[in-house]
file structure.cif (mmCIF, C-alpha atoms)
data_query
loop_
_atom_site.label_atom_id
_atom_site.label_comp_id
_atom_site.auth_asym_id
_atom_site.auth_seq_id
_atom_site.Cartn_x
_atom_site.Cartn_y
_atom_site.Cartn_z
CA MET A 21 22.91 0.54 39.62
CA LYS A 22 23.90 3.44 37.44
CA CYS A 23 21.74 6.38 36.40
CA ALA A 24 21.08 4.85 32.96
CA GLU A 25 19.55 1.81 34.59
CA TYR A 26 17.39 3.94 36.89
CA GLN A 27 16.29 5.93 33.89
CA GLU A 28 15.21 2.69 32.26
CA LEU A 29 13.19 1.94 35.35
CA ILE A 30 11.66 5.38 35.25
CA GLN A 31 10.66 4.89 31.63
CA GLN A 32 9.01 1.62 32.54
CA HIS A 33 6.31 3.74 34.13
CA LEU A 34 5.35 4.86 30.66
CA ASP A 35 4.97 1.25 29.61
CA GLY A 36 2.49 0.83 32.42
CA LEU A 37 4.90 -1.24 34.47
CA GLU A 38 5.94 -0.68 38.05
CA PRO A 39 9.67 -0.63 38.83
CA SER A 40 11.00 -3.90 40.14
CA ASP A 41 12.68 -2.25 43.14
CA PRO A 42 10.75 0.93 44.00
CA ALA A 43 12.62 1.49 47.27
CA ALA A 44 15.99 1.56 45.53
CA LEU A 45 14.64 3.86 42.87
CA GLU A 46 13.21 6.21 45.46
CA ALA A 47 16.51 6.30 47.32
CA HIS A 48 18.34 7.05 44.10
CA LEU A 49 15.95 9.82 43.18
CA ARG A 50 16.65 11.54 46.51
CA SER A 51 20.32 11.72 45.72
CA CYS A 52 20.31 12.30 41.93
CA PRO A 53 18.88 15.58 40.60
CA ALA A 54 19.10 14.47 36.95
CA CYS A 55 17.08 11.31 37.53
CA GLN A 56 14.76 13.27 39.75
CA ALA A 57 14.10 15.73 36.93
CA LEU A 58 13.51 12.89 34.51
CA HIS A 59 11.12 11.27 36.94
CA ALA A 60 9.20 14.49 37.36
CA ALA A 61 9.01 14.97 33.61
CA THR A 62 7.87 11.39 33.15
CA THR A 63 5.13 11.90 35.68
CA ARG A 64 3.98 14.98 33.79
CA LEU A 65 4.11 13.16 30.50
CA ARG A 66 1.99 10.36 31.89
CA ALA A 67 -0.53 12.89 33.06
CA GLY A 68 -0.51 14.52 29.65
CA LEU A 69 -0.83 11.23 27.80
CA ARG A 70 -4.06 10.53 29.60
CA LEU A 71 -5.40 13.74 28.11
CA LEU A 72 -4.18 12.85 24.64
CA THR A 73 -7.12 11.55 22.66
CA PRO A 74 -6.95 10.37 19.07
CA PRO A 75 -8.32 12.87 16.56
CA ALA A 76 -11.92 12.05 15.73
CA PRO A 77 -12.73 11.43 12.08
CA PRO A 78 -15.04 14.03 10.51
CA PRO A 79 -18.70 13.02 10.39
CA GLY A 80 -19.74 11.22 7.23
CA MET A 81 -16.21 10.27 6.26
CA ALA A 82 -16.84 6.55 6.66
CA CYS A 83 -19.87 6.71 4.38
CA ARG A 84 -17.98 8.67 1.75
CA ILE A 85 -15.11 6.21 1.79
CA ALA A 86 -17.41 3.17 1.69
CA THR A 87 -19.32 4.62 -1.25
CA ARG A 88 -16.11 5.26 -3.11
CA LEU A 89 -14.93 1.72 -2.45
CA GLN A 90 -18.17 0.31 -3.79
CA VAL A 91 -17.91 2.44 -6.93
CA ASP A 92 -14.34 1.28 -7.35
CA TYR A 93 -15.40 -2.35 -6.93
CA ARG A 94 -18.13 -2.00 -9.57
CA SER A 95 -15.87 -0.26 -12.06
CA ARG A 96 -13.20 -2.92 -11.60
CA LEU A 97 -15.84 -5.59 -12.14
CA LEU A 98 -16.98 -3.87 -15.32
CA TRP A 99 -13.43 -3.51 -16.53
CA ARG A 100 -12.72 -7.17 -15.85
CA GLY A 101 -15.85 -8.13 -17.78
CA THR A 102 -14.81 -6.00 -20.73
CA ILE A 103 -11.38 -7.58 -20.77
CA ARG A 104 -12.95 -11.05 -20.69
CA VAL A 105 -15.25 -10.27 -23.63
CA ALA A 106 -12.37 -8.78 -25.60
CA LEU A 107 -10.25 -11.84 -24.94
CA ALA A 108 -13.08 -14.16 -25.95
CA VAL A 109 -13.59 -12.28 -29.22
CA ALA A 110 -9.88 -12.33 -29.93
CA ALA A 111 -9.74 -16.05 -29.22
CA ALA A 112 -12.72 -16.70 -31.50
CA VAL A 113 -11.13 -14.75 -34.35
CA LEU A 114 -7.88 -16.59 -33.90
CA ALA A 115 -9.65 -19.95 -33.85
CA ALA A 116 -11.52 -19.09 -37.04
CA ARG A 117 -8.31 -18.19 -38.78
CA VAL A 118 -6.61 -21.35 -37.65
CA ARG A 119 -9.55 -23.42 -38.86
CA LEU A 120 -9.45 -21.78 -42.26
CA ALA A 121 -5.71 -22.03 -42.64
CA PRO A 122 -5.55 -25.78 -43.60
CA ALA A 123 -7.86 -25.13 -46.54
CA THR A 124 -5.24 -22.98 -48.18
CA HIS A 125 -2.48 -24.24 -50.35
CA ASP A 126 0.37 -23.88 -47.92
CA SER A 127 -0.71 -26.52 -45.47
CA PRO A 128 2.24 -28.77 -44.69
CA ALA A 129 0.03 -31.76 -45.40
CA THR A 130 -0.90 -30.62 -48.88
CA VAL A 131 2.52 -29.36 -49.95
CA PRO A 132 4.99 -32.20 -49.69
CA ARG A 133 8.55 -31.16 -49.03
CA ALA A 134 9.85 -33.64 -51.65
CA ARG A 135 8.39 -31.65 -54.48
CA SER A 136 11.04 -29.71 -56.21
CA GLN A 137 10.94 -26.00 -56.14
CA PRO A 138 10.81 -24.25 -59.50
CA PRO A 139 13.98 -22.43 -60.44
CA GLY A 140 14.19 -19.00 -58.97
CA GLN A 141 11.25 -19.66 -56.73
CA ALA A 142 11.30 -20.24 -53.03
CA ALA A 143 8.79 -21.96 -50.87
CA GLY A 144 8.62 -19.01 -48.50
CA PRO A 145 6.54 -16.57 -50.54
CA ALA A 146 4.09 -19.26 -51.55
CA ARG A 147 3.58 -20.24 -47.96
CA GLU A 148 3.21 -16.66 -47.02
CA ILE A 149 0.59 -16.11 -49.66
CA GLY A 150 -1.19 -19.22 -48.49
CA ARG A 151 -1.18 -17.97 -44.93
CA ARG A 152 -2.52 -14.63 -45.92
CA THR A 153 -5.26 -16.23 -48.00
CA ALA A 154 -8.44 -16.82 -46.13
CA ARG A 155 -10.89 -16.31 -48.94
CA SER A 156 -9.28 -18.01 -51.87
CA ALA A 157 -10.06 -18.73 -55.50
CA ARG A 158 -8.93 -21.44 -57.88
CA ILE A 159 -6.60 -20.48 -60.68
CA GLY A 160 -5.52 -22.39 -63.79
CA CYS A 161 -3.05 -24.72 -62.11
CA GLY A 162 -5.49 -25.58 -59.39
CA CYS A 163 -3.86 -23.41 -56.73
CA ARG A 164 -5.85 -21.24 -54.40
CA LEU A 165 -5.13 -17.59 -54.24
CA GLY A 166 -6.63 -14.81 -52.23
CA ASP A 167 -8.60 -11.97 -53.73
CA GLY A 168 -6.47 -9.45 -55.44
CA GLN A 169 -3.31 -11.55 -55.36
CA ARG A 170 -1.44 -12.27 -58.48
CA GLY A 171 -0.93 -15.93 -58.85
CA HIS A 172 2.02 -16.09 -61.18
CA ALA A 173 5.56 -14.93 -61.19
CA GLN A 174 6.37 -11.69 -62.94
CA PRO A 175 8.17 -11.43 -65.25
CA PRO A 176 7.92 -14.88 -66.91
CA MET A 177 11.00 -17.05 -67.13
CA PRO A 178 12.77 -16.42 -70.48
CA ARG A 179 13.66 -20.06 -71.34
CA TRP A 180 10.10 -21.24 -71.72
CA PRO A 181 7.64 -20.29 -74.38
CA ARG A 182 6.56 -16.74 -74.40
CA GLY A 183 3.93 -16.19 -71.83
CA ALA A 184 4.75 -19.39 -69.93
CA HIS A 185 5.38 -18.92 -66.24
CA PHE A 186 5.36 -20.78 -62.98
CA CYS A 187 2.67 -20.63 -60.52
CA ARG A 188 3.85 -19.16 -57.26
CA LEU A 189 2.16 -21.83 -55.31
CA CYS A 190 3.09 -25.01 -57.14
CA PRO A 191 5.69 -26.19 -59.55
CA ALA A 192 3.14 -26.40 -62.40
CA LEU A 193 4.21 -24.53 -65.50
CA GLN A 194 1.54 -22.33 -66.85
CA CYS A 195 1.40 -21.90 -70.56
CA PRO A 196 -0.68 -19.35 -72.36
CA PRO A 197 -3.78 -20.81 -73.88
CA MET B 7 -5.31 -13.24 13.27
CA SER B 8 -8.99 -13.36 14.07
CA ALA B 9 -11.64 -15.33 12.26
CA ASP B 10 -13.64 -12.13 12.20
CA ASP B 11 -11.01 -10.43 10.10
CA ALA B 12 -10.86 -13.30 7.63
CA THR B 13 -14.65 -13.39 7.27
CA LEU B 14 -14.80 -9.65 6.81
CA VAL B 15 -12.12 -9.75 4.15
CA ARG B 16 -13.85 -12.59 2.30
CA ARG B 17 -17.10 -10.66 2.27
CA CYS B 18 -15.35 -7.52 1.10
CA LEU B 19 -13.76 -9.44 -1.73
CA ARG B 20 -17.23 -10.52 -2.80
CA GLY B 21 -18.15 -6.84 -2.92
CA GLU B 22 -20.75 -6.90 -0.16
CA ALA B 23 -21.70 -3.32 0.64
CA GLY B 24 -22.28 -4.09 4.32
CA ALA B 25 -18.86 -5.64 4.70
CA ILE B 26 -17.15 -2.71 3.01
CA GLN B 27 -18.92 -0.31 5.34
CA GLN B 28 -17.97 -2.46 8.31
CA LEU B 29 -14.32 -2.50 7.25
CA VAL B 30 -14.24 1.27 7.03
CA ASP B 31 -16.14 1.73 10.30
CA ARG B 32 -13.83 -0.61 12.14
CA PHE B 33 -10.56 0.98 11.12
CA GLN B 34 -11.30 4.56 10.14
CA ALA B 35 -10.57 6.03 13.57
CA GLU B 36 -7.13 4.45 13.80
CA VAL B 37 -6.21 5.25 10.22
CA PHE B 38 -7.44 8.83 10.41
CA GLY B 39 -5.83 9.40 13.82
CA LEU B 40 -2.52 8.09 12.59
CA CYS B 41 -2.71 10.19 9.43
CA VAL B 42 -3.49 13.36 11.38
CA ARG B 43 -0.53 12.79 13.68
CA LEU B 44 1.87 11.93 10.90
CA LEU B 45 0.79 14.63 8.47
CA ASN B 46 -0.13 17.29 11.03
CA HIS B 47 -2.95 18.37 8.80
CA ARG B 48 -6.56 17.32 9.03
CA HIS B 49 -7.54 17.91 5.42
CA ASP B 50 -4.53 16.05 4.12
CA ALA B 51 -5.31 13.32 6.60
CA GLU B 52 -8.82 12.98 5.20
CA ASP B 53 -7.50 12.59 1.67
CA VAL B 54 -4.85 10.13 2.71
CA THR B 55 -7.32 8.12 4.78
CA GLN B 56 -9.45 7.72 1.69
CA GLU B 57 -6.44 6.66 -0.34
CA VAL B 58 -5.42 4.22 2.36
CA PHE B 59 -8.78 2.49 2.30
CA LEU B 60 -8.77 2.36 -1.47
CA ARG B 61 -5.37 0.76 -1.39
CA VAL B 62 -6.39 -1.60 1.38
CA PHE B 63 -9.48 -2.61 -0.54
CA ARG B 64 -7.57 -3.24 -3.75
CA SER B 65 -4.90 -5.23 -1.95
CA LEU B 66 -7.20 -7.36 0.18
CA LYS B 67 -6.44 -10.35 -2.02
CA GLY B 68 -2.80 -10.07 -1.02
CA TRP B 69 -3.51 -9.97 2.71
CA ASP B 70 -2.03 -12.91 4.58
CA PRO B 71 -4.88 -14.38 6.65
CA THR B 72 -2.42 -15.77 9.18
CA ARG B 73 -1.58 -12.23 10.27
CA ALA B 74 -3.70 -9.60 11.96
CA LEU B 75 -5.52 -7.12 9.77
CA LYS B 76 -5.00 -4.04 11.93
CA PRO B 77 -1.19 -3.82 11.72
CA TRP B 78 -1.38 -4.57 8.02
CA ILE B 79 -3.70 -1.62 7.49
CA ALA B 80 -1.55 0.54 9.76
CA GLY B 81 1.46 -0.37 7.62
CA ILE B 82 -0.33 0.77 4.49
CA ALA B 83 -1.37 4.00 6.21
CA ILE B 84 2.20 4.70 7.32
CA ASN B 85 3.51 4.11 3.81
CA ARG B 86 0.87 6.37 2.29
CA CYS B 87 1.67 9.13 4.78
CA ARG B 88 5.36 8.78 4.02
CA THR B 89 4.69 9.06 0.30
CA TRP B 90 2.37 12.00 0.85
CA LEU B 91 4.97 13.80 2.93
CA SER B 92 7.67 13.22 0.35
CA GLN B 93 5.35 14.52 -2.36
CA ARG B 94 4.39 17.53 -0.31
CA GLY B 95 8.03 18.43 -0.49
CA LYS B 96 8.16 20.47 2.63
CA ARG B 97 8.51 19.89 6.31
CA PRO B 98 5.34 19.00 8.16
CA GLU B 99 3.32 22.04 9.03
CA LEU B 100 2.48 22.79 12.59
CA VAL B 101 -0.80 21.29 13.57
CA ASP B 102 -3.97 23.32 13.57
CA TYR B 103 -4.34 23.12 17.31
CA LEU B 104 -1.02 24.88 17.81
CA GLN B 105 -2.42 28.08 16.43
CA ASP B 106 -4.50 28.64 19.48
CA THR B 107 -1.87 27.84 22.06
CA VAL B 108 -2.47 29.71 25.28
CA PRO B 109 0.51 32.03 25.73
CA GLY B 110 0.51 32.35 29.51
CA PRO B 111 0.20 29.80 32.27
CA SER B 112 -3.32 28.92 33.27
CA PRO B 113 -4.49 27.85 36.72
CA ASP B 114 -5.03 24.35 35.42
CA ASP B 115 -2.22 23.80 32.97
CA SER B 116 -3.56 20.54 31.56
CA THR B 117 -4.50 22.22 28.28
CA GLU B 118 -1.07 23.72 28.01
CA LEU B 119 0.55 20.44 28.87
CA LEU B 120 -1.44 18.67 26.19
CA GLN B 121 -0.51 21.30 23.64
CA GLU B 122 3.14 21.00 24.56
CA ILE B 123 3.02 17.26 24.14
CA GLN B 124 1.32 17.61 20.78
CA ALA B 125 3.85 20.21 19.66
CA ALA B 126 6.71 17.99 20.78
CA LEU B 127 5.14 15.09 18.97
CA ALA B 128 4.87 17.11 15.76
CA GLU B 129 8.58 17.82 15.87
CA LEU B 130 9.66 14.23 16.28
CA ARG B 131 11.18 12.23 13.48
CA LEU B 132 8.54 10.41 11.49
CA GLU B 133 9.53 6.96 12.75
CA TYR B 134 9.61 8.08 16.38
CA ARG B 135 6.31 9.85 16.01
CA THR B 136 4.71 6.82 14.39
CA VAL B 137 5.83 4.53 17.15
CA PHE B 138 4.82 6.97 19.87
CA VAL B 139 1.35 7.49 18.43
CA LEU B 140 0.74 3.80 17.85
CA PHE B 141 1.88 2.90 21.34
CA HIS B 142 0.63 5.74 23.51
CA GLU B 143 -2.37 7.02 21.62
CA GLN B 144 -3.68 3.87 19.98
CA GLY B 145 -2.45 1.43 22.59
CA GLN B 146 -1.00 -1.06 20.12
CA PRO B 147 1.45 -3.65 21.45
CA TYR B 148 5.09 -3.65 20.40
CA GLU B 149 4.59 -6.71 18.20
CA ASP B 150 1.84 -5.08 16.15
CA ILE B 151 3.85 -1.90 15.73
CA ALA B 152 6.84 -3.94 14.63
CA GLN B 153 4.66 -5.70 12.08
CA ALA B 154 3.18 -2.45 10.80
CA LEU B 155 6.59 -0.87 10.38
CA ASP B 156 8.26 -4.08 9.30
CA ARG B 157 11.01 -3.68 11.89
CA PRO B 158 12.18 -5.83 14.79
CA VAL B 159 10.58 -5.28 18.17
CA GLY B 160 13.94 -4.14 19.56
CA THR B 161 14.08 -1.29 17.06
CA ILE B 162 10.56 -0.24 17.97
CA LYS B 163 11.48 -0.13 21.66
CA THR B 164 14.55 1.94 20.92
CA TRP B 165 12.58 4.40 18.81
CA LEU B 166 9.91 4.71 21.47
CA HIS B 167 12.54 5.29 24.14
CA ARG B 168 14.17 8.06 22.09
CA ALA B 169 10.81 9.60 21.27
CA ARG B 170 9.95 9.79 24.95
CA LEU B 171 13.30 11.30 25.85
CA GLU B 172 12.86 14.02 23.23
CA ILE B 173 9.38 14.82 24.46
CA LEU B 174 10.54 14.82 28.07
CA ASP B 175 13.37 17.18 27.15
CA ARG B 176 10.94 19.53 25.55
CA LEU B 177 8.64 19.45 28.52
CA LYS B 178 11.57 20.32 30.75
CA GLN B 179 12.74 23.11 28.46
CA ARG B 180 9.27 24.60 28.28
CA GLY B 181 8.91 24.66 32.04
CA MET B 182 6.17 22.10 32.10
CA VAL B 183 7.90 20.06 34.78
CA PRO B 184 7.59 21.26 38.39
CA ALA B 185 10.80 22.29 40.15
CA GLU B 186 12.48 19.29 41.61
CA GLU B 187 12.41 19.97 45.34
CA GLY B 188 12.81 16.82 47.31
CA ALA B 189 12.50 13.40 45.90
CA PRO B 190 9.15 12.47 44.44
CA ALA B 191 7.69 9.38 45.93
CA THR B 192 7.50 6.60 43.37
CA LYS B 193 4.39 5.25 45.06
CA SER B 194 2.56 8.45 44.34
CA VAL B 195 2.99 8.05 40.59
CA PRO B 196 -0.45 7.79 39.07
CA GLU B 197 -1.43 4.70 37.19
CA THR B 198 -1.31 4.88 33.42
CA GLY B 199 -4.37 2.82 32.84
CA ARG B 200 -2.48 0.87 30.20
CA THR B 201 -2.12 -2.81 30.71
#
call {"tool": "encode", "arguments": {"input": "structure.cif", "output": "structure tokens"}}
result
Amino acid sequence: MKCAEYQELIQQHLDGLEPSDPAALEAHLRSCPACQALHAATTRLRAGLRLLTPPAPPPGMACRIATRLQVDYRSRLLWRGTIRVALAVAAAVLAARVRLAPATHDSPATVPRARSQPPGQAAGPAREIGRRTARSARIGCGCRLGDGQRGHAQPPMPRWPRGAHFCRLCPALQCPP
Amino acid sequence: MSADDATLVRRCLRGEAGAIQQLVDRFQAEVFGLCVRLLNHRHDAEDVTQEVFLRVFRSLKGWDPTRALKPWIAGIAINRCRTWLSQRGKRPELVDYLQDTVPGPSPDDSTELLQEIQAALAELRLEYRTVFVLFHEQGQPYEDIAQALDRPVGTIKTWLHRARLEILDRLKQRGMVPAEEGAPATKSVPETGRT
């Protein structure tokens, strides 16, 4: 065996193992000063390791940590509860809006696609108005409009009688009374 | 993995105060000991120990019940210490106990020997030190250390071997090894007590 292998054997002491061939190791140690020095150092290290004790935690540390963990648990619980309530409120608001939406003019069921669009008018704005309108009011042509929204196109189309104009929400032509 | 660990974790997840206290009581010595050795500073170690438990507690849901709890916690502690050291932005300070090193030889040099070992330990590379402390001070098996450090067992053995060689070198340099007259008898080597 070479020195490296003997040194492995010597280190096995530190693992708590006995060398497989102690006689051979002992014979080698008598003739090899380097391995002998390593063996002596290993013996010292083993003696020192028995004296090495893990640092003791300061008194009261466990209680402090446990208290902090409990506070953290409670605050996380509270936070989770708040998030749940907020989500529930948001969901309720959304549901209410969705329920109200079909009552407005722009519902796909109430506005058939086949109906022709008035000249210069697009379906988009009307739909948009309808979507924005939760609280709506009837106007002359029977359309619903939200508070504060102007129901008719501005300015009026020039070909029709003065004051006549299209409703934004339906193709009905509005004439002045 | 032990059923004890799984039960304890389940109770902790339910927020039972007794279980939380038990978790801290069971692992605080290992975590604090490891932090002291890796950071070489008791006050920092206290702070990091607290952080470690907070992190452990918040991550308990992610713990794999098929694996042991102790190496998992040790892994978190090692990572926290590493982060702390990188944030500290300076080399580890010498440990408190080095300040009162006895300058001259004493009749019984066990104190001096212990201080030399601790000083040598403080100068080791972080990985070597971690492995050395987990193996020799905390008595953890290679497999658990490998799991904590997320490295193969072979790497752990190599690191431990190198750590020992560095410490042995230091002991020799500092004159802590008796002069090598004659061959020491292998039979006379004291038992380690480790199994």
call {"tool": "interface_residues", "arguments": {"input": "structure.cif", "of": "chain A", "to": "chain B", "cutoff": "9 Å", "atoms": "only C-alpha atoms", "output": "PyMOL selection string"}}
result
chain A and resi 28+31+33-37+39+42-43+45-53+56-78+81-90+92-94
call {"tool": "closest_residue", "arguments": {"input": "structure.cif", "among": "B:Tyr148, B:Ala12, B:Arg88, B:Lys67", "to": "Lys163 of chain B", "atoms": "all atoms listed in the file"}}
result
B:Tyr148
call {"tool": "closest_residue", "arguments": {"input": "structure.cif", "among": "B:Asp10, B:Gly160, B:Glu172, B:Arg135", "to": "Ile84 of chain B", "atoms": "only C-alpha atoms"}}
result
B:Arg135
call {"tool": "atom_distance", "arguments": {"input": "structure.cif", "atom1": "atom CA of Leu91 of chain B", "atom2": "atom CA of Pro147 of chain B"}}
result
25.7 Å
call {"tool": "closest_residue", "arguments": {"input": "structure.cif", "among": "B:Arg157, B:Lys76, B:Arg168, B:Arg86", "to": "Leu127 of chain B", "atoms": "only C-alpha atoms"}}
result
B:Arg168
call {"tool": "atom_distance", "arguments": {"input": "structure.cif", "atom1": "atom CA of Thr89 of chain B", "atom2": "atom CA of Leu44 of chain B"}}
result
11.3 Å
call {"tool": "atom_distance", "arguments": {"input": "structure.cif", "atom1": "atom CA of Ala126 of chain B", "atom2": "atom CA of Thr164 of chain B"}}
result
17.9 Å
